[in-house]
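Text of input-v1.csv, listed as CSV, C-alpha atoms and all ligand atoms:
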chain,number,residue,atom,x,y,z
A,201,MET,CA,37.8,13.3,0.3
A,202,VAL,CA,39.4,14.1,3.6
A,203,GLU,CA,40.1,11.0,5.7
A,204,THR,CA,38.9,11.8,9.2
A,205,MET,CA,37.9,8.2,9.9
A,206,LYS,CA,40.6,5.7,10.5
A,207,ILE,CA,40.3,2.6,8.2
A,208,ALA,CA,42.7,-0.2,8.7
A,209,THR,CA,43.6,-1.5,5.3
A,210,GLU,CA,45.0,-4.8,4.3
A,211,ARG,CA,45.7,-5.0,0.6
A,212,VAL,CA,45.6,-8.2,-1.5
A,213,LYS,CA,49.0,-9.6,-2.3
A,214,LYS,CA,48.1,-10.0,-5.9
A,215,SER,CA,45.1,-8.5,-7.7
A,216,ARG,CA,42.7,-10.9,-9.5
A,217,ILE,CA,41.8,-8.3,-12.1
A,218,SER,CA,43.8,-9.9,-14.9
A,219,GLU,CA,41.6,-13.0,-14.7
A,220,VAL,CA,38.5,-11.0,-15.6
A,221,ASP,CA,37.1,-10.8,-19.1
A,222,PHE,CA,35.7,-7.2,-19.1
A,223,SER,CA,34.1,-7.7,-22.5
A,224,ASN,CA,31.7,-10.3,-21.1
A,225,ILE,CA,30.8,-9.7,-17.4
A,226,PRO,CA,28.0,-11.7,-15.8
A,227,PHE,CA,25.8,-9.8,-13.3
A,228,GLY,CA,26.8,-10.3,-9.7
A,229,LYS,CA,29.4,-13.1,-10.0
A,230,ILE,CA,32.7,-11.3,-10.0
A,231,TYR,CA,33.9,-9.3,-7.0
A,232,THR,CA,36.7,-6.9,-6.8
A,233,ASP,CA,39.9,-7.4,-4.7
A,234,HIS,CA,38.7,-5.7,-1.5
A,235,MET,CA,35.7,-5.3,0.8
A,236,PHE,CA,34.9,-3.0,3.6
A,237,MET,CA,33.7,-4.1,7.1
A,238,ALA,CA,32.6,-2.3,10.3
A,239,ASP,CA,31.1,-3.6,13.5
A,240,TYR,CA,28.4,-2.2,15.7
A,241,LYS,CA,29.1,-3.2,19.3
A,242,ASN,CA,28.3,-1.7,22.7
A,243,GLY,CA,26.3,1.1,21.0
A,244,GLU,CA,28.8,2.3,18.5
A,245,TRP,CA,30.2,1.7,15.0
A,246,LYS,CA,33.9,0.7,15.2
A,247,ASN,CA,36.6,-1.5,13.7
A,248,PHE,CA,36.6,0.1,10.3
A,249,ARG,CA,38.6,-2.1,8.0
A,250,ILE,CA,39.2,-2.9,4.3
A,251,MET,CA,40.5,-6.4,3.6
A,252,PRO,CA,40.9,-8.8,0.7
A,253,TYR,CA,37.5,-9.9,-0.5
A,254,GLY,CA,36.8,-13.4,0.7
A,255,TYR,CA,35.1,-15.7,3.1
A,256,MET,CA,34.6,-14.6,6.6
A,257,PRO,CA,33.8,-16.6,9.8
A,258,ILE,CA,30.3,-16.1,11.1
A,259,SER,CA,28.4,-17.6,14.1
A,260,PRO,CA,25.8,-20.3,13.2
A,261,ALA,CA,23.5,-18.4,15.6
A,262,THR,CA,23.6,-15.2,13.6
A,263,PRO,CA,20.0,-13.8,13.5
A,264,ALA,CA,20.4,-12.6,9.9
A,265,LEU,CA,20.7,-16.3,8.9
A,266,HIS,CA,17.6,-17.4,10.8
A,267,TYR,CA,15.2,-14.5,10.7
A,268,GLY,CA,16.4,-12.3,7.8
A,269,GLN,CA,17.6,-9.4,9.9
A,270,ALA,CA,19.4,-7.9,7.0
A,271,ILE,CA,19.1,-4.9,4.7
A,272,PHE,CA,21.0,-3.8,1.7
A,273,GLU,CA,21.5,-1.1,-0.9
A,274,GLY,CA,22.5,-1.1,-4.6
A,275,MET,CA,24.1,1.7,-6.5
A,276,LYS,CA,26.6,2.1,-9.3
A,277,ALA,CA,29.9,3.8,-10.1
A,278,TYR,CA,31.0,4.8,-13.6
A,279,LYS,CA,34.2,6.0,-15.1
A,280,ASN,CA,34.2,9.4,-16.8
A,281,PRO,CA,36.3,10.2,-19.9
A,282,GLU,CA,39.0,11.5,-17.5
A,283,GLY,CA,39.1,8.2,-15.7
A,284,GLU,CA,37.6,9.5,-12.4
A,285,ALA,CA,35.1,7.4,-10.5
A,286,LEU,CA,31.5,8.9,-10.6
A,287,VAL,CA,29.0,7.5,-8.1
A,288,PHE,CA,25.3,8.1,-8.8
A,289,ARG,CA,23.3,9.6,-5.9
A,290,PRO,CA,25.1,7.8,-3.1
A,291,LEU,CA,23.6,10.0,-0.4
A,292,ASP,CA,20.2,8.9,-1.4
A,293,ASN,CA,21.2,5.3,-0.9
A,294,TRP,CA,22.6,6.2,2.5
A,295,LYS,CA,19.3,7.8,3.5
A,296,ARG,CA,17.3,4.8,2.3
A,297,LEU,CA,19.6,2.4,4.1
A,298,ASN,CA,18.8,4.2,7.3
A,299,ILE,CA,15.0,4.1,6.5
A,300,SER,CA,15.3,0.3,6.0
A,301,GLY,CA,17.4,0.1,9.1
A,302,GLU,CA,14.8,1.8,11.2
A,303,ARG,CA,12.1,-0.7,10.1
A,304,LEU,CA,14.5,-3.6,10.9
A,305,CYS,CA,15.5,-2.2,14.3
A,306,MET,CA,19.0,-1.4,13.2
A,307,PRO,CA,21.1,1.5,14.4
A,308,PRO,CA,21.5,4.4,11.9
A,309,LEU,CA,24.8,4.5,10.0
A,310,PRO,CA,26.4,8.0,10.1
A,311,GLU,CA,26.7,9.7,6.7
A,312,GLU,CA,30.5,10.1,7.2
A,313,LEU,CA,30.9,6.4,7.8
A,314,PHE,CA,28.9,5.5,4.7
A,315,MET,CA,30.6,8.0,2.4
A,316,GLU,CA,34.2,7.6,3.6
A,317,SER,CA,34.1,3.8,3.6
A,318,LEU,CA,32.7,3.9,0.1
A,319,SER,CA,35.2,6.4,-1.1
A,320,ALA,CA,38.2,4.5,0.4
A,321,LEU,CA,37.0,1.2,-1.1
A,322,ILE,CA,36.4,2.6,-4.5
A,323,ASP,CA,39.7,4.4,-4.4
A,324,LEU,CA,41.5,1.1,-3.8
A,325,ASP,CA,39.6,-0.9,-6.4
A,326,ARG,CA,39.3,1.9,-8.9
A,327,ALA,CA,40.8,-0.2,-11.7
A,328,TRP,CA,37.8,-2.5,-11.6
A,329,ILE,CA,35.3,0.2,-12.8
A,330,PRO,CA,34.5,-0.9,-16.4
A,331,ASP,CA,34.4,1.7,-19.0
A,332,THR,CA,32.7,-0.3,-21.8
A,333,ALA,CA,29.2,0.8,-22.9
A,334,GLY,CA,26.5,-0.5,-20.6
A,335,ALA,CA,29.0,-1.7,-18.0
A,336,SER,CA,29.6,-0.2,-14.5
A,337,LEU,CA,30.7,-1.1,-11.0
A,338,TYR,CA,27.8,-2.3,-8.9
A,339,ILE,CA,28.2,-1.3,-5.2
A,340,ARG,CA,26.5,-3.4,-2.6
A,341,PRO,CA,26.4,-2.0,0.9
A,342,PHE,CA,24.6,-4.1,3.5
A,343,ILE,CA,24.0,-4.5,7.2
A,344,PHE,CA,23.1,-7.6,9.1
A,345,SER,CA,22.4,-8.4,12.7
A,346,ALA,CA,25.4,-10.1,14.2
A,347,ASP,CA,24.4,-11.2,17.7
A,348,GLU,CA,25.1,-14.7,18.7
A,349,TYR,CA,21.5,-15.4,19.8
A,350,ILE,CA,18.6,-17.2,18.3
A,351,GLY,CA,15.9,-15.6,20.3
A,352,ILE,CA,13.8,-13.1,18.4
A,353,LYS,CA,14.5,-9.6,19.6
A,354,PRO,CA,16.1,-6.4,18.4
A,355,SER,CA,19.8,-7.2,18.0
A,356,ASP,CA,22.6,-5.5,19.9
A,357,ASP,CA,25.4,-6.1,17.4
A,358,PHE,CA,25.5,-5.5,13.7
A,359,THR,CA,28.0,-5.8,10.8
A,360,PHE,CA,28.1,-3.2,8.0
A,361,MET,CA,29.9,-4.2,4.8
A,362,ILE,CA,30.4,-3.0,1.2
A,363,ILE,CA,31.3,-5.3,-1.7
A,364,LEU,CA,31.8,-4.3,-5.3
A,365,CYS,CA,31.3,-6.1,-8.5
A,366,PRO,CA,31.8,-5.0,-12.1
A,367,VAL,CA,28.7,-5.7,-14.1
A,368,GLY,CA,27.5,-5.6,-17.7
A,369,SER,CA,24.0,-4.9,-18.9
A,370,TYR,CA,21.3,-6.5,-16.8
A,371,TYR,CA,18.7,-7.4,-19.4
A,372,SER,CA,19.9,-7.8,-22.9
A,373,THR,CA,16.4,-7.9,-24.4
A,374,PRO,CA,13.1,-6.1,-23.7
A,375,VAL,CA,11.4,-7.7,-20.7
A,376,LYS,CA,8.3,-9.9,-20.6
A,377,VAL,CA,6.3,-9.6,-17.4
A,378,ARG,CA,3.3,-11.2,-16.0
A,379,ILE,CA,0.7,-9.6,-13.7
A,380,GLU,CA,0.7,-11.5,-10.4
A,381,THR,CA,-2.8,-12.0,-9.1
A,382,HIS,CA,-2.2,-14.5,-6.3
A,383,TYR,CA,1.1,-14.0,-4.6
A,384,THR,CA,2.1,-10.8,-2.8
A,385,ARG,CA,5.5,-9.1,-2.6
A,386,ALA,CA,4.6,-6.6,0.1
A,387,ALA,CA,1.5,-6.0,2.2
A,388,GLN,CA,0.3,-2.8,3.8
A,389,GLY,CA,2.1,-2.3,7.1
A,390,GLY,CA,4.8,-4.7,6.0
A,391,THR,CA,8.4,-4.1,4.9
A,392,GLY,CA,8.0,-3.5,1.2
A,393,TYR,CA,9.4,0.0,1.4
A,394,ALA,CA,12.6,-1.3,3.0
A,395,LYS,CA,15.4,-3.0,1.1
A,396,ALA,CA,15.1,-5.9,3.6
A,397,GLY,CA,16.5,-9.3,2.6
A,398,GLY,CA,13.4,-11.3,3.4
A,399,ASN,CA,11.3,-9.4,0.9
A,400,TYR,CA,13.4,-10.8,-1.9
A,401,ALA,CA,13.6,-14.4,-0.5
A,402,ALA,CA,9.8,-14.5,-0.5
A,403,ALA,CA,9.5,-13.2,-4.1
A,404,ILE,CA,11.7,-15.8,-5.7
A,405,TYR,CA,9.1,-18.6,-5.8
A,406,PRO,CA,6.3,-16.6,-7.6
A,407,ALA,CA,9.0,-15.2,-10.0
A,408,LYS,CA,10.1,-18.8,-10.7
A,409,LEU,CA,6.6,-19.8,-11.6
A,410,ALA,CA,6.4,-16.9,-14.0
A,411,GLN,CA,9.8,-17.8,-15.5
A,412,ALA,CA,8.6,-21.3,-16.1
A,413,LYS,CA,6.0,-19.8,-18.3
A,414,GLY,CA,8.5,-17.8,-20.3
A,415,TYR,CA,8.3,-14.5,-18.5
A,416,HIS,CA,11.3,-12.7,-17.1
A,417,GLN,CA,9.6,-11.0,-14.2
A,418,LEU,CA,6.4,-10.3,-12.4
A,419,LEU,CA,4.3,-7.2,-12.3
A,420,TRP,CA,3.3,-7.1,-8.6
A,421,THR,CA,-0.1,-5.9,-7.6
A,422,ASP,CA,-1.4,-4.8,-4.2
A,423,GLY,CA,-1.6,-7.4,-1.6
A,424,LYS,CA,-5.3,-6.7,-0.7
A,425,ASN,CA,-7.2,-7.2,-4.0
A,426,HIS,CA,-4.5,-7.5,-6.6
A,427,GLU,CA,-6.2,-4.6,-8.3
A,428,TYR,CA,-3.5,-2.0,-8.5
A,429,ILE,CA,0.0,-2.2,-10.1
A,430,GLU,CA,2.9,-1.8,-7.6
A,431,GLU,CA,6.3,-2.8,-9.0
A,432,SER,CA,8.0,-5.0,-11.5
A,433,GLY,CA,10.4,-7.6,-9.9
A,434,THR,CA,13.0,-5.4,-8.2
A,435,MET,CA,12.3,-2.3,-10.3
A,436,ASN,CA,9.7,0.4,-10.1
A,437,VAL,CA,7.4,0.5,-13.0
A,438,MET,CA,6.4,3.5,-15.2
A,439,PHE,CA,4.0,4.1,-18.0
A,440,VAL,CA,3.4,6.6,-20.7
A,441,ILE,CA,-0.3,7.0,-21.0
A,442,ASP,CA,-1.7,9.6,-23.5
A,443,GLY,CA,1.6,11.4,-23.3
A,444,THR,CA,1.6,11.5,-19.5
A,445,LEU,CA,4.2,9.8,-17.4
A,446,VAL,CA,2.4,7.7,-14.8
A,447,THR,CA,3.8,5.7,-12.0
A,448,PRO,CA,2.3,4.2,-8.8
A,449,ALA,CA,2.4,6.6,-5.9
A,450,LEU,CA,4.8,5.6,-3.1
A,451,SER,CA,3.4,3.7,-0.2
A,452,ASP,CA,4.7,1.3,2.4
A,453,SER,CA,4.5,-1.5,0.0
A,454,ILE,CA,6.5,0.2,-2.7
A,455,LEU,CA,10.3,0.7,-2.6
A,456,ALA,CA,11.2,4.4,-3.2
A,457,GLY,CA,13.6,3.9,-6.1
A,458,ILE,CA,16.3,6.4,-6.8
A,459,THR,CA,16.1,5.6,-10.6
A,460,ARG,CA,12.3,6.2,-10.3
A,461,ASP,CA,12.9,9.6,-8.7
A,462,SER,CA,15.6,10.5,-11.2
A,463,VAL,CA,13.2,9.7,-14.1
A,464,LEU,CA,10.4,11.8,-12.5
A,465,GLN,CA,12.8,14.8,-12.0
A,466,LEU,CA,14.0,14.6,-15.6
A,467,ALA,CA,10.4,14.3,-17.0
A,468,ARG,CA,9.3,17.3,-14.9
A,469,LYS,CA,12.3,19.3,-16.1
A,470,TRP,CA,11.4,18.5,-19.7
A,471,GLY,CA,7.9,19.8,-19.1
A,472,MET,CA,6.2,16.5,-19.4
A,473,LYS,CA,3.0,15.9,-17.4
A,474,VAL,CA,3.7,13.5,-14.5
A,475,GLU,CA,1.3,11.6,-12.3
A,476,GLU,CA,2.2,9.6,-9.2
A,477,ARG,CA,-1.1,7.8,-8.4
A,478,LYS,CA,-2.8,4.5,-8.3
A,479,ILE,CA,-3.0,2.6,-11.6
A,480,SER,CA,-5.3,-0.3,-11.8
A,481,VAL,CA,-4.7,-3.5,-13.8
A,482,LYS,CA,-8.0,-2.7,-15.6
A,483,GLU,CA,-6.8,0.8,-16.7
A,484,LEU,CA,-3.5,-0.7,-17.8
A,485,ILE,CA,-5.0,-3.5,-19.9
A,486,GLU,CA,-7.7,-1.3,-21.4
A,487,GLY,CA,-5.0,1.3,-22.2
A,488,ILE,CA,-2.8,-1.2,-24.0
A,489,GLU,CA,-5.8,-2.4,-26.0
A,490,SER,CA,-6.9,1.1,-27.0
A,491,GLY,CA,-3.4,2.2,-27.8
A,492,LYS,CA,-3.3,4.8,-25.1
A,493,VAL,CA,-0.4,3.1,-23.2
A,494,THR,CA,2.5,3.7,-25.5
A,495,GLU,CA,5.4,2.9,-23.2
A,496,VAL,CA,6.0,0.6,-20.2
A,497,PHE,CA,9.3,0.3,-18.5
A,498,GLY,CA,11.0,-0.8,-15.3
A,499,ALA,CA,13.3,1.6,-13.5
A,500,GLY,CA,16.1,0.5,-11.1
A,501,THR,CA,19.8,0.7,-10.5
A,502,ALA,CA,20.7,-2.8,-11.8
A,503,ALA,CA,18.7,-2.5,-15.1
A,504,THR,CA,18.5,1.3,-15.3
A,505,ILE,CA,15.6,1.5,-17.8
A,506,ALA,CA,14.2,-1.9,-18.8
A,507,HIS,CA,11.7,-1.7,-21.7
A,508,ILE,CA,8.8,-4.0,-21.1
A,509,GLU,CA,7.8,-5.8,-24.3
A,510,LEU,CA,4.7,-7.5,-23.2
A,511,ILE,CA,2.5,-8.0,-20.2
A,512,GLY,CA,0.8,-11.4,-19.5
A,513,TYR,CA,-2.5,-11.3,-17.7
A,514,ASN,CA,-5.0,-14.1,-17.2
A,515,ASP,CA,-3.2,-16.3,-19.8
A,516,LYS,CA,-3.2,-13.6,-22.5
A,517,ASP,CA,-0.2,-11.6,-23.6
A,518,TYR,CA,-0.6,-7.9,-24.3
A,519,TYR,CA,2.0,-6.4,-26.5
A,520,LEU,CA,3.4,-2.9,-26.2
A,521,PRO,CA,4.6,-0.8,-29.2
A,522,PRO,CA,8.1,-1.6,-30.5
A,523,VAL,CA,11.0,-0.2,-28.4
A,524,GLU,CA,12.2,2.0,-31.3
A,525,GLN,CA,9.0,4.0,-31.1
A,526,ARG,CA,9.3,4.7,-27.4
A,527,THR,CA,10.4,8.3,-27.4
A,528,PHE,CA,10.4,9.0,-23.7
A,529,SER,CA,12.0,5.9,-22.3
A,530,ASN,CA,14.8,6.0,-24.9
A,531,LYS,CA,15.4,9.6,-24.2
A,532,VAL,CA,15.5,9.3,-20.4
A,533,TYR,CA,17.8,6.2,-20.7
A,534,ALA,CA,20.3,8.1,-22.8
A,535,GLU,CA,20.1,11.2,-20.5
A,536,LEU,CA,20.7,9.1,-17.4
A,537,GLU,CA,23.5,7.2,-19.0
A,538,GLY,CA,25.1,10.5,-20.1
A,539,ILE,CA,24.9,12.0,-16.7
A,540,LYS,CA,26.1,8.9,-14.9
A,541,ARG,CA,29.1,8.7,-17.2
A,542,GLY,CA,30.0,12.4,-17.0
A,543,GLN,CA,29.3,12.9,-20.7
A,544,LYS,CA,26.3,15.2,-20.0
A,545,PRO,CA,25.8,18.1,-17.6
A,546,ASP,CA,24.5,17.1,-14.1
A,547,PRO,CA,21.9,19.8,-13.3
A,548,PHE,CA,20.6,18.1,-10.2
A,549,GLY,CA,24.0,17.5,-8.6
A,550,TRP,CA,23.6,13.7,-8.6
A,551,ILE,CA,27.2,12.8,-9.2
A,552,VAL,CA,29.7,12.3,-6.5
A,553,LYS,CA,33.3,12.1,-7.6
A,554,MET,CA,35.5,9.6,-5.7
A,601,LIG,C1,16.1,-1.5,-5.3
A,601,LIG,C2,14.7,-1.7,-5.7
A,601,LIG,C3,14.1,-0.8,-6.7
A,601,LIG,C4,14.9,0.2,-7.4
A,601,LIG,O1,15.5,1.2,-6.7
A,601,LIG,P1,16.7,2.0,-7.2
A,601,LIG,O2,17.1,2.9,-6.1
A,601,LIG,O3,16.2,2.7,-8.4
A,601,LIG,O4,17.8,1.0,-7.6
A,601,LIG,C5,12.7,-0.9,-6.9
A,601,LIG,N1,12.0,-1.9,-6.3
A,601,LIG,C6,12.6,-2.7,-5.4
A,601,LIG,C7,11.7,-3.7,-4.8
A,601,LIG,C8,13.9,-2.6,-5.1
A,601,LIG,O5,14.4,-3.5,-4.3

structure tokens encoding of this file:
Amino acid sequence: MVETMKIATERVKKSRISEVDFSNIPFGKIYTDHMFMADYKNGEWKNFRIMPYGYMPISPATPALHYGQAIFEGMKAYKNPEGEALVFRPLDNWKRLNISGERLCMPPLPEELFMESLSALIDLDRAWIPDTAGASLYIRPFIFSADEYIGIKPSDDFTFMIILCPVGSYYSTPVKVRIETHYTRAAQGGTGYAKAGGNYAAAIYPAKLAQAKGYHQLLWTDGKNHEYIEESGTMNVMFVIDGTLVTPALSDSILAGITRDSVLQLARKWGMKVEERKISVKELIEGIESGKVTEVFGAGTAATIAHIELIGYNDKDYYLPPVEQRTFSNKVYAELEGIKRGQKPDPFGWIVKM
């Protein structure tokens, strides 16, 4: 990519890469050698810089720390058989970052700034992209309000950063989820459609209660009556019902996942019937009992496709058919992995080489 943007780069004196056991990478604990930073001050993005990954000084009066004025993205890079870095649908993450930013009163980030900073950082830390099965380089861009002011108002100053971490598989087994009928992840008119930090802070407690009962994650329902399915943890949720792929329609309480969209596009291309609509807890439970619901899975960047093994509802567990029998989710997982790793054709132009 042509470098039209000036990025001041300070390289590490010595890489930490030899300390990493790439055959056993925990999620989100190991970071690469470098990070990218930019400041928004006096109405413009400036001070583009790449520096060694590490601690940074921050004012104790940073609004992000007090009021959660922070947004983020998550995407992944893979290595193709030729050793090139392939990033999956980064422009969609850029668009979504700006949608989140608008909701949180943050200035838009220009496409060029997003793509060129990403490209420069990936180029520098290219060696950190794992090439083992199931592993990838997780990319975390984020923006936080950086005023030194603890009044509540739209901030003037912001910081944009990108950090990178090599990751292995997210869930190693099929997932057990519980339908949440009391707590709410996102309300109508709230920030559920934005990748805003506070959404996740508030979801930890109900998830912890479910985990104490042996579930991995929650199946969130609407905040009004807990009648309709929304998402699962930090993934979108999808069902195969009577051979039709069904997923909750997007709304302001559902995050528009890029994995979700990719699965929908592939299903439509394969001629499968697809429905984006409301799906009630009642329909789901009755469908599992009658055998109409044959597959349930979460879709998200971190986990890709996460087969759901069972769904807990009102103290009863409802089991889904075994994973080996799930034709669609296994096929779409393999197709997505193939495209992301450059082993299969990319008919939608999802891959950006860096
Ligand atoms: C990030 C996220 C998703 C998945 O989005 P992808 O773009 O597929 O990674 C789904 N739901 C929530 C709440 C999320 O934060």

List as a PDB file with C-alpha atoms, in the coordinates of the input the protein and nucleic acid residues lying within 9 Å of ligand LIG 601 (chain A), with only C-alpha atoms and all ligand atoms counted.
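Now in out_0.pdb:
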ATOM      1  CA  PHE A 272      21.000  -3.800   1.700  1.00  0.00           C
ATOM      2  CA  GLU A 273      21.500  -1.100  -0.900  1.00  0.00           C
ATOM      3  CA  GLY A 274      22.500  -1.100  -4.600  1.00  0.00           C
ATOM      4  CA  MET A 275      24.100   1.700  -6.500  1.00  0.00           C
ATOM      5  CA  ASP A 292      20.200   8.900  -1.400  1.00  0.00           C
ATOM      6  CA  ASN A 293      21.200   5.300  -0.900  1.00  0.00           C
ATOM      7  CA  ARG A 296      17.300   4.800   2.300  1.00  0.00           C
ATOM      8  CA  ARG A 385       5.500  -9.100  -2.600  1.00  0.00           C
ATOM      9  CA  GLY A 392       8.000  -3.500   1.200  1.00  0.00           C
ATOM     10  CA  TYR A 393       9.400   0.000   1.400  1.00  0.00           C
ATOM     11  CA  ALA A 394      12.600  -1.300   3.000  1.00  0.00           C
ATOM     12  CA  LYS A 395      15.400  -3.000   1.100  1.00  0.00           C
ATOM     13  CA  ALA A 396      15.100  -5.900   3.600  1.00  0.00           C
ATOM     14  CA  ASN A 399      11.300  -9.400   0.900  1.00  0.00           C
ATOM     15  CA  TYR A 400      13.400 -10.800  -1.900  1.00  0.00           C
ATOM     16  CA  GLU A 431       6.300  -2.800  -9.000  1.00  0.00           C
ATOM     17  CA  SER A 432       8.000  -5.000 -11.500  1.00  0.00           C
ATOM     18  CA  GLY A 433      10.400  -7.600  -9.900  1.00  0.00           C
ATOM     19  CA  THR A 434      13.000  -5.400  -8.200  1.00  0.00           C
ATOM     20  CA  MET A 435      12.300  -2.300 -10.300  1.00  0.00           C
ATOM     21  CA  ASN A 436       9.700   0.400 -10.100  1.00  0.00           C
ATOM     22  CA  VAL A 437       7.400   0.500 -13.000  1.00  0.00           C
ATOM     23  CA  SER A 453       4.500  -1.500   0.000  1.00  0.00           C
ATOM     24  CA  ILE A 454       6.500   0.200  -2.700  1.00  0.00           C
ATOM     25  CA  LEU A 455      10.300   0.700  -2.600  1.00  0.00           C
ATOM     26  CA  ALA A 456      11.200   4.400  -3.200  1.00  0.00           C
ATOM     27  CA  GLY A 457      13.600   3.900  -6.100  1.00  0.00           C
ATOM     28  CA  ILE A 458      16.300   6.400  -6.800  1.00  0.00           C
ATOM     29  CA  THR A 459      16.100   5.600 -10.600  1.00  0.00           C
ATOM     30  CA  ARG A 460      12.300   6.200 -10.300  1.00  0.00           C
ATOM     31  CA  ASP A 461      12.900   9.600  -8.700  1.00  0.00           C
ATOM     32  CA  SER A 462      15.600  10.500 -11.200  1.00  0.00           C
ATOM     33  CA  GLY A 498      11.000  -0.800 -15.300  1.00  0.00           C
ATOM     34  CA  ALA A 499      13.300   1.600 -13.500  1.00  0.00           C
ATOM     35  CA  GLY A 500      16.100   0.500 -11.100  1.00  0.00           C
ATOM     36  CA  THR A 501      19.800   0.700 -10.500  1.00  0.00           C
ATOM     37  CA  ALA A 502      20.700  -2.800 -11.800  1.00  0.00           C
ATOM     38  CA  ALA A 503      18.700  -2.500 -15.100  1.00  0.00           C
ATOM     39  CA  THR A 504      18.500   1.300 -15.300  1.00  0.00           C
TER      40      THR A 504
END

Shortest interatomic distance to Pro354 (chain A) - which of A:Tyr267, A:Tyr338, A:Tyr370, A:Phe222, counting all atoms listed in the file
A:Tyr267

Figure out the distance between CA of Asp325 (chain A) and CA of Ile250 (chain A), please, to one decimal in Å.
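Interatomic distance here is 10.9 Å.
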
Between CA of Ile343 (chain A) and CA of Leu318 (chain A), distance in Å (one decimal)
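About the pair CA of Ile343 (chain A) and CA of Leu318 (chain A): they are 14.0 Å apart.
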
So the first atom is CA of Ile363 (chain A) and the second is CA of Gly228 (chain A); what is the distance between them in Å, to one decimal place?
10.5 Å

Cut-off 12 Å: closest region 440-508 of chain A/region 416-420 of chain A atom pairs per residue, using only C-alpha atoms, as CSV:
residue,atom,partner,partner_atom,distance
A:Pro448,CA,A:Trp420,CA,11.3
A:Ser453,CA,A:Trp420,CA,10.3
A:Ile454,CA,A:Trp420,CA,9.9
A:Ile479,CA,A:Trp420,CA,11.9
A:Ser480,CA,A:Trp420,CA,11.4
A:Val481,CA,A:Leu419,CA,9.8
A:Leu484,CA,A:Leu419,CA,11.5
A:Val496,CA,A:Leu419,CA,11.2
A:Phe497,CA,A:Leu419,CA,10.9
A:Gly498,CA,A:Leu419,CA,9.7
A:Ala506,CA,A:Gln417,CA,11.2
A:His507,CA,A:His416,CA,11.9
A:Ile508,CA,A:Gln417,CA,9.9

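In terms of minimum interatomic distance to Ile362 (chain A), A:Met235 ranks closest within A:Asp422, A:Lys408, A:Met235, A:Glu316, counting only C-alpha atoms.
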
Can you check which parts of region 336-388 of chain A lie within 7 Å of region 239-245 of chain A? Per residue, the shortest pair of atoms and distance in Å to one decimal, counting only C-alpha atoms, sorted by chain and number, as a tab-separated table.
residue	atom	partner	partner_atom	distance
A:Asp356	CA	A:Lys241	CA	6.9
A:Asp357	CA	A:Lys241	CA	5.1
A:Phe358	CA	A:Tyr240	CA	4.8
A:Thr359	CA	A:Asp239	CA	4.7
A:Phe360	CA	A:Asp239	CA	6.3

Keeping C-alpha atoms for every residue in the selection just given, could you write it to a file as a PDB file, keeping the file's coordinate frame?
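Written out: again25.pdb:
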ATOM      1  CA  ASP A 356      22.600  -5.500  19.900  1.00  0.00           C
ATOM      2  CA  ASP A 357      25.400  -6.100  17.400  1.00  0.00           C
ATOM      3  CA  PHE A 358      25.500  -5.500  13.700  1.00  0.00           C
ATOM      4  CA  THR A 359      28.000  -5.800  10.800  1.00  0.00           C
ATOM      5  CA  PHE A 360      28.100  -3.200   8.000  1.00  0.00           C
TER       6      PHE A 360
END

Report as a tab-separated table: every residue of region 221-287 of chain A with an atom at most 8 Å from region 534-546 of chain A, its closest pair of atoms, and their distance in Å to one decimal, counting all atoms listed in the file, with rows sorted by chain and ascending residue number.
residue	atom	partner	partner_atom	distance
A:Ala277	CA	A:Lys540	CA	8.0
A:Tyr278	CA	A:Arg541	CA	5.6
A:Lys279	CA	A:Arg541	CA	6.1
A:Asn280	CA	A:Arg541	CA	5.2
A:Pro281	CA	A:Gly542	CA	7.3
A:Leu286	CA	A:Lys540	CA	6.9
A:Val287	CA	A:Lys540	CA	7.5

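Nearest residue to Lys276 (chain A) among A:Trp470, A:Phe288, A:Phe248, A:Tyr519 is A:Phe288, counting all atoms listed in the file.
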
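The residue that comes closest to Lys482 (chain A), out of A:Glu427, A:Leu450, A:Phe236, A:Asn224 and on the basis of all atoms listed in the file, is A:Glu427.
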
Let me make sure I understand: among A:Ala412, A:Ala386, A:Ala333, A:Val552, which one has the smallest atom-to-atom distance to Val367 (chain A) if we use only C-alpha atoms?
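With only C-alpha atoms as the atom set, the closest residue is A:Ala333.
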
List the neighbours of Leu321 (chain A) out to 12 Å using only C-alpha atoms; skip same-chain residues closer than 4 positions along the sequence, and give me the result as a ChimeraX atom specification.
/A:207-211,232-237,248-253,277,285,313-317,325-329,337,339-341,361-365,554

Shortest interatomic distance to Thr494 (chain A) - which of A:Val523, A:Ala270, A:Ile404, A:Ala320, counting all atoms listed in the file
A:Val523

12 Å contact set for Glu524 (chain A), only C-alpha atoms, chain neighbours under 5 positions out, as a short mmCIF file (atom, residue, chain, number, x, y, z; two decimals) with C-alpha atoms, in the coordinates of the input:
data_model
loop_
_atom_site.label_atom_id
_atom_site.label_comp_id
_atom_site.auth_asym_id
_atom_site.auth_seq_id
_atom_site.Cartn_x
_atom_site.Cartn_y
_atom_site.Cartn_z
CA PRO A 374 13.10 -6.10 -23.70
CA THR A 494 2.50 3.70 -25.50
CA GLU A 495 5.40 2.90 -23.20
CA HIS A 507 11.70 -1.70 -21.70
CA GLU A 509 7.80 -5.80 -24.30
CA SER A 529 12.00 5.90 -22.30
CA ASN A 530 14.80 6.00 -24.90
CA LYS A 531 15.40 9.60 -24.20
#

Can you list, as a list in words, every protein, DNA or RNA residue that comes within 9 Å of Lys473 (chain A) when you count only C-alpha atoms, leaving out same-chain residues fewer than 4 positions away?
Gly443, Thr444, Leu445, Val446, Ala467 and Arg468 of chain A
